[in-house]
>>> print(open('start_30.txt').read())   # compact mmCIF, C-alpha atoms
# COMPACT_ATOMS: atom_id res chain seq x y z
CA MET A 248 35.87 21.16 30.68
CA VAL A 249 33.98 17.94 30.02
CA ASP A 250 30.26 18.37 29.60
CA PRO A 251 28.21 16.32 32.03
CA PRO A 252 26.40 13.33 30.49
CA ALA A 253 22.94 14.04 29.15
CA PRO A 254 20.22 13.02 31.56
CA ALA A 255 18.50 9.74 30.77
CA PRO A 256 15.02 10.09 29.32
CA PRO A 257 12.21 9.63 31.82
CA PRO A 258 11.14 6.00 32.31
CA ALA A 259 7.67 6.63 30.84
CA ARG A 260 9.19 8.07 27.68
CA ARG A 261 11.55 5.10 27.38
CA ARG A 262 8.63 2.72 27.78
CA ARG A 263 6.70 4.48 25.03
CA ALA A 264 9.71 4.35 22.71
CA ASP A 265 10.25 0.67 23.49
CA ALA A 266 6.57 -0.02 22.86
CA ARG A 267 6.70 1.75 19.49
CA ARG A 268 9.74 -0.29 18.48
CA SER A 269 8.05 -3.53 19.56
CA ILE A 270 4.86 -2.68 17.69
CA GLY A 271 6.84 -1.79 14.57
CA ALA A 272 8.81 -5.05 14.73
CA ILE A 273 5.64 -7.10 15.28
CA LEU A 274 3.76 -5.47 12.40
CA ASP A 275 6.71 -5.88 10.06
CA ALA A 276 7.06 -9.53 11.02
CA ALA A 277 3.33 -10.04 10.54
CA ARG A 278 3.54 -8.43 7.10
CA VAL A 279 6.22 -10.90 6.00
CA VAL A 280 5.03 -14.04 7.79
CA LEU A 281 1.33 -13.68 7.00
CA GLY A 282 2.20 -12.75 3.42
CA GLU A 283 3.91 -16.13 3.09
CA ARG A 284 1.62 -18.15 5.37
CA PRO A 285 -1.80 -16.57 6.06
CA ASP A 286 -2.48 -19.22 8.72
CA ALA A 287 0.72 -18.50 10.68
CA SER A 288 0.32 -18.41 14.45
CA MET A 289 0.99 -15.58 16.87
CA GLU A 290 3.98 -17.60 18.07
CA ASP A 291 5.36 -17.69 14.51
CA ILE A 292 5.01 -13.92 14.25
CA ALA A 293 6.58 -13.38 17.67
CA GLY A 294 9.58 -15.48 16.66
CA ALA A 295 10.04 -13.53 13.43
CA ALA A 296 9.77 -10.25 15.35
CA GLY A 297 12.31 -11.34 17.95
CA VAL A 298 9.91 -10.88 20.84
CA THR A 299 7.96 -13.20 23.13
CA ARG A 300 4.42 -14.25 22.43
CA GLN A 301 3.42 -12.42 25.60
CA THR A 302 4.81 -9.20 24.12
CA VAL A 303 2.72 -9.66 20.99
CA TYR A 304 -0.41 -10.20 23.07
CA ALA A 305 0.41 -7.17 25.20
CA HIS A 306 0.04 -4.97 22.11
CA PHE A 307 -2.47 -7.05 20.12
CA PRO A 308 -4.83 -9.04 22.37
CA SER A 309 -5.92 -11.37 19.56
CA ARG A 310 -4.87 -12.50 16.12
CA ASP A 311 -7.76 -10.53 14.64
CA ALA A 312 -6.49 -7.42 16.41
CA LEU A 313 -3.02 -7.98 14.95
CA VAL A 314 -4.38 -8.40 11.42
CA ALA A 315 -6.48 -5.25 11.88
CA GLY A 316 -3.38 -3.37 13.03
CA LEU A 317 -1.47 -4.63 10.01
CA VAL A 318 -4.22 -3.49 7.66
CA GLU A 319 -4.30 -0.03 9.26
CA SER A 320 -0.52 0.20 8.87
CA ALA A 321 -0.79 -0.91 5.23
CA ALA A 322 -3.43 1.72 4.46
CA ALA A 323 -1.28 4.47 5.98
CA GLU A 324 1.73 3.28 3.98
CA TYR A 325 -0.25 3.31 0.73
CA ALA A 326 -1.43 6.85 1.43
CA GLY A 327 2.21 7.81 1.93
CA LEU A 328 3.21 6.23 -1.37
CA LEU A 329 0.54 8.26 -3.18
CA ASP A 330 1.74 11.42 -1.45
CA GLU A 331 5.29 10.72 -2.62
CA ALA A 332 4.08 10.16 -6.18
CA ASP A 333 3.33 13.89 -6.63
CA LEU A 334 0.10 13.10 -8.45
CA ASP A 335 -1.24 16.65 -8.52
CA THR A 336 1.74 18.37 -10.12
CA ALA A 337 3.71 15.82 -12.17
CA PRO A 338 2.88 15.63 -15.91
CA PRO A 339 -0.33 13.58 -16.16
CA THR A 340 1.16 10.60 -18.00
CA GLU A 341 4.08 10.45 -15.59
CA ALA A 342 1.73 10.86 -12.63
CA LEU A 343 -0.46 8.02 -13.89
CA THR A 344 2.60 5.78 -14.23
CA ARG A 345 3.61 6.68 -10.68
CA PHE A 346 0.11 5.93 -9.42
CA LEU A 347 0.25 2.42 -10.86
CA ASP A 348 3.80 1.93 -9.57
CA ALA A 349 2.65 2.89 -6.07
CA GLY A 350 -0.02 0.20 -6.27
CA TRP A 351 2.49 -2.45 -7.33
CA ARG A 352 4.96 -1.45 -4.61
CA PHE A 353 2.17 -1.56 -2.04
CA LEU A 354 1.02 -5.02 -3.07
CA ASP A 355 4.60 -6.29 -3.17
CA ARG A 356 4.94 -5.16 0.44
CA TYR A 357 1.60 -6.63 1.55
CA PRO A 358 0.98 -9.87 -0.40
CA LEU A 359 -1.48 -10.96 2.30
CA LEU A 360 -3.99 -8.49 0.86
CA VAL A 361 -4.15 -10.33 -2.48
CA ASN A 362 -3.81 -13.88 -1.17
CA ALA A 363 -7.01 -15.76 -1.99
CA GLY A 364 -6.28 -18.20 0.83
CA ALA A 365 -6.03 -15.48 3.47
CA PRO A 366 -8.80 -15.01 6.04
CA ARG A 367 -11.21 -12.12 5.67
CA ILE A 368 -9.31 -8.84 5.75
CA PRO A 369 -10.96 -6.15 7.92
CA ARG A 370 -11.74 -2.75 6.49
CA PRO A 371 -9.34 -0.07 7.79
CA VAL A 372 -10.57 3.26 9.11
CA ASP A 373 -8.82 5.11 6.27
CA ASP A 374 -9.65 2.64 3.51
CA PRO A 375 -7.65 3.01 0.26
CA HIS A 376 -10.88 2.22 -1.58
CA ASP A 377 -12.17 5.53 -0.21
CA PHE A 378 -9.19 7.85 -0.67
CA ALA A 379 -7.38 6.45 -3.73
CA PRO A 380 -10.15 6.62 -6.40
CA PRO A 381 -10.78 10.37 -5.93
CA ARG A 382 -7.06 11.06 -6.26
CA LEU A 383 -6.86 9.02 -9.44
CA GLU A 384 -10.00 10.66 -10.83
CA ARG A 385 -8.56 14.12 -10.14
CA LEU A 386 -5.36 13.15 -11.94
CA LEU A 387 -7.27 11.80 -14.94
CA GLN A 388 -9.44 14.90 -15.14
CA ARG A 389 -6.32 17.07 -15.10
CA GLY A 390 -4.90 15.03 -17.96
CA GLN A 391 -8.09 15.39 -19.96
CA ASP A 392 -8.18 19.12 -19.37
CA SER A 393 -4.57 19.50 -20.51
CA GLY A 394 -4.99 17.33 -23.60
CA ASP A 395 -2.64 14.64 -22.33
CA PHE A 396 -5.55 12.20 -22.23
CA ALA A 397 -8.56 11.82 -24.52
CA PRO A 398 -11.59 13.82 -23.33
CA THR A 399 -13.78 10.72 -23.10
CA PRO A 400 -14.82 8.51 -21.37
CA PRO A 401 -15.42 10.42 -18.12
CA ALA A 402 -12.58 10.47 -15.60
CA SER A 403 -14.80 8.78 -13.00
CA TRP A 404 -15.35 5.80 -15.31
CA LEU A 405 -11.67 5.63 -16.21
CA ALA A 406 -10.69 5.58 -12.53
CA THR A 407 -13.02 2.66 -11.82
CA THR A 408 -11.78 0.78 -14.86
CA ILE A 409 -8.08 1.34 -14.09
CA PHE A 410 -8.51 -0.05 -10.58
CA ALA A 411 -10.25 -3.10 -12.00
CA LEU A 412 -7.51 -3.48 -14.60
CA GLN A 413 -4.73 -3.44 -12.01
CA HIS A 414 -6.61 -5.90 -9.82
CA ALA A 415 -6.95 -8.20 -12.84
CA ALA A 416 -3.23 -7.88 -13.55
CA VAL A 417 -2.44 -8.79 -9.93
CA ALA A 418 -4.73 -11.83 -10.21
CA GLU A 419 -2.79 -12.99 -13.26
CA THR A 420 0.42 -12.96 -11.22
CA THR A 421 -1.09 -14.87 -8.31
CA THR A 422 -2.21 -17.65 -10.66
CA GLY A 423 1.17 -17.71 -12.38
CA ARG A 424 -0.17 -16.83 -15.82
CA LEU A 425 1.98 -13.70 -15.90
CA THR A 426 5.20 -12.71 -14.20
CA ARG A 427 5.20 -9.57 -12.09
CA ALA A 428 7.15 -7.69 -14.80
CA GLU A 429 4.80 -8.86 -17.58
CA ALA A 430 1.70 -7.91 -15.61
CA GLN A 431 3.09 -4.50 -14.70
CA THR A 432 4.04 -3.71 -18.31
CA LEU A 433 0.71 -4.88 -19.74
CA CYS A 434 -1.21 -2.99 -17.06
CA LEU A 435 0.60 0.26 -17.85
CA GLN A 436 0.26 -0.16 -21.63
CA SER A 437 -3.45 -0.98 -21.35
CA THR A 438 -4.06 1.92 -18.98
CA LEU A 439 -2.39 4.44 -21.28
CA ARG A 440 -4.39 3.16 -24.27
CA LEU A 441 -7.58 3.28 -22.22
CA CYS A 442 -6.90 6.93 -21.37
CA GLY A 443 -5.97 7.79 -24.95
CA ALA A 444 -2.62 9.12 -23.75
CA ASN A 445 -1.10 11.57 -26.18
CA PRO A 446 2.53 10.50 -26.83
CA ASP A 447 3.43 14.09 -27.73
CA HIS A 448 2.64 15.14 -24.13
CA ARG A 449 4.87 12.57 -22.42
>>> encode(input="start_30.txt", output="structure tokens")
Amino acid sequence: MVDPPAPAPPPARRRRADARRSIGAILDAARVVLGERPDASMEDIAGAAGVTRQTVYAHFPSRDALVAGLVESAAAEYAGLLDEADLDTAPPTEALTRFLDAGWRFLDRYPLLVNAGAPRIPRPVDDPHDFAPPRLERLLQRGQDSGDFAPTPPASWLATTIFALQHAAVAETTTGRLTRAEAQTLCLQSTLRLCGANPDHR
């Protein structure tokens, strides 16, 4: 006996699913297009997303609203990358390497955020500047407690310095003074030296 076809999902559910797909396509297009051309128009983004400009405006009533949506999406993605890095249980040196890698992967995905020619970037509700430093500080303190890292300077100071160091490394790539690979390697080496990483604990 042939089973009857599954009933079609209710129209409202289909509309919600279609809307989610459209929003995802628009944000992904905005990530790429604005990363390459911060002054790109809504029409440019609509074309890259494969939707009409009217569809973009239906979800994001202004360009500022679209950029804000992109920033919120970026912040959520970065939080996910840190979750995947297993910062609280991996060996401290490995966890620190993963933390830096997550930052590089994030910035590779969202070059708009480090483009000096980009318009002012709005602050997201869940700002990485709020949630990332405590996670890094907790990791550094764990490494100091275990002897993987030198006991001084304080973990709070190290966390602040490591963020500044990675930002400086990113700046070197945007000016062309370093390649991405060179900057990433130097950033990791400098960070491990700064923390007094114990090679016997790696």
>>> closest_atom_pairs(input="start_30.txt", of="region 257-305 of chain A", to="region 342-357 of chain A", cutoff="9 Å", atoms="only C-alpha atoms", output="CSV")
residue,atom,partner,partner_atom,distance
A:Arg278,CA,A:Tyr357,CA,6.1
A:Val279,CA,A:Tyr357,CA,7.7
A:Leu281,CA,A:Tyr357,CA,8.9
A:Gly282,CA,A:Tyr357,CA,6.4
>>> write_last_selection(input="start_30.txt", atoms="C-alpha atoms", output="compact mmCIF listing (two decimals), keeping the file's coordinate frame")
# COMPACT_ATOMS: atom_id res chain seq x y z
CA ARG A 278 3.54 -8.43 7.10
CA VAL A 279 6.22 -10.90 6.00
CA LEU A 281 1.33 -13.68 7.00
CA GLY A 282 2.20 -12.75 3.42
>>> closest_atom_pairs(input="start_30.txt", of="region 250-367 of chain A", to="region 393-408 of chain A", cutoff="10 Å", atoms="all atoms listed in the file", output="tab-separated table")
residue	atom	partner	partner_atom	distance
A:Pro338	CA	A:Asp395	CA	8.5
A:Pro339	CA	A:Asp395	CA	6.7
A:Thr340	CA	A:Asp395	CA	7.0
>>> residues_around(input="start_30.txt", residues="Leu274 (chain A)", least_positions_apart="2", cutoff="10 Å", atoms="only C-alpha atoms", output="count of residues only")
21
>>> closest_atom_pairs(input="start_30.txt", of="region 303-332 of chain A", to="region 371-375 of chain A", cutoff="8 Å", atoms="all atoms listed in the file", output="tab-separated table")
residue	atom	partner	partner_atom	distance
A:Ala315	CA	A:Pro371	CA	7.2
A:Val318	CA	A:Pro371	CA	6.2
A:Glu319	CA	A:Pro371	CA	5.3
A:Ala322	CA	A:Pro375	CA	6.1
A:Ala323	CA	A:Asp373	CA	7.6
A:Tyr325	CA	A:Pro375	CA	7.4
A:Ala326	CA	A:Pro375	CA	7.4
>>> atom_distance(input="start_30.txt", atom1="CA of Ala264 (chain A)", atom2="CA of Asp311 (chain A)")
24.3 Å
>>> closest_residue(input="start_30.txt", among="A:Ala365, A:Val417, A:Ala444, A:Ala305", to="Gln431 (chain A)", atoms="only C-alpha atoms")
A:Val417
>>> residues_around(input="start_30.txt", residues="Arg382 (chain A)", least_positions_apart="4", cutoff="8 Å", atoms="all atoms listed in the file", output="list in words")
Leu334, Phe378 and Leu386 of chain A
>>> closest_residue(input="start_30.txt", among="A:Glu384, A:Asn445, A:Leu328, A:Ile273", to="Tyr304 (chain A)", atoms="only C-alpha atoms")
A:Ile273
>>> atom_distance(input="start_30.txt", atom1="CA of Asn362 (chain A)", atom2="CA of Cys434 (chain A)")
19.4 Å
>>> atom_distance(input="start_30.txt", atom1="CA of Pro380 (chain A)", atom2="CA of Thr432 (chain A)")
21.2 Å
>>> axis_aligned_box(input="start_30.txt", around="region 377-387 of chain A", padding_each_side="3 Å", output="AutoDock Vina command-line options")
--center_x -8.8 --center_y 9.8 --center_z -7.6 --size_x 12.8 --size_y 14.6 --size_z 20.7
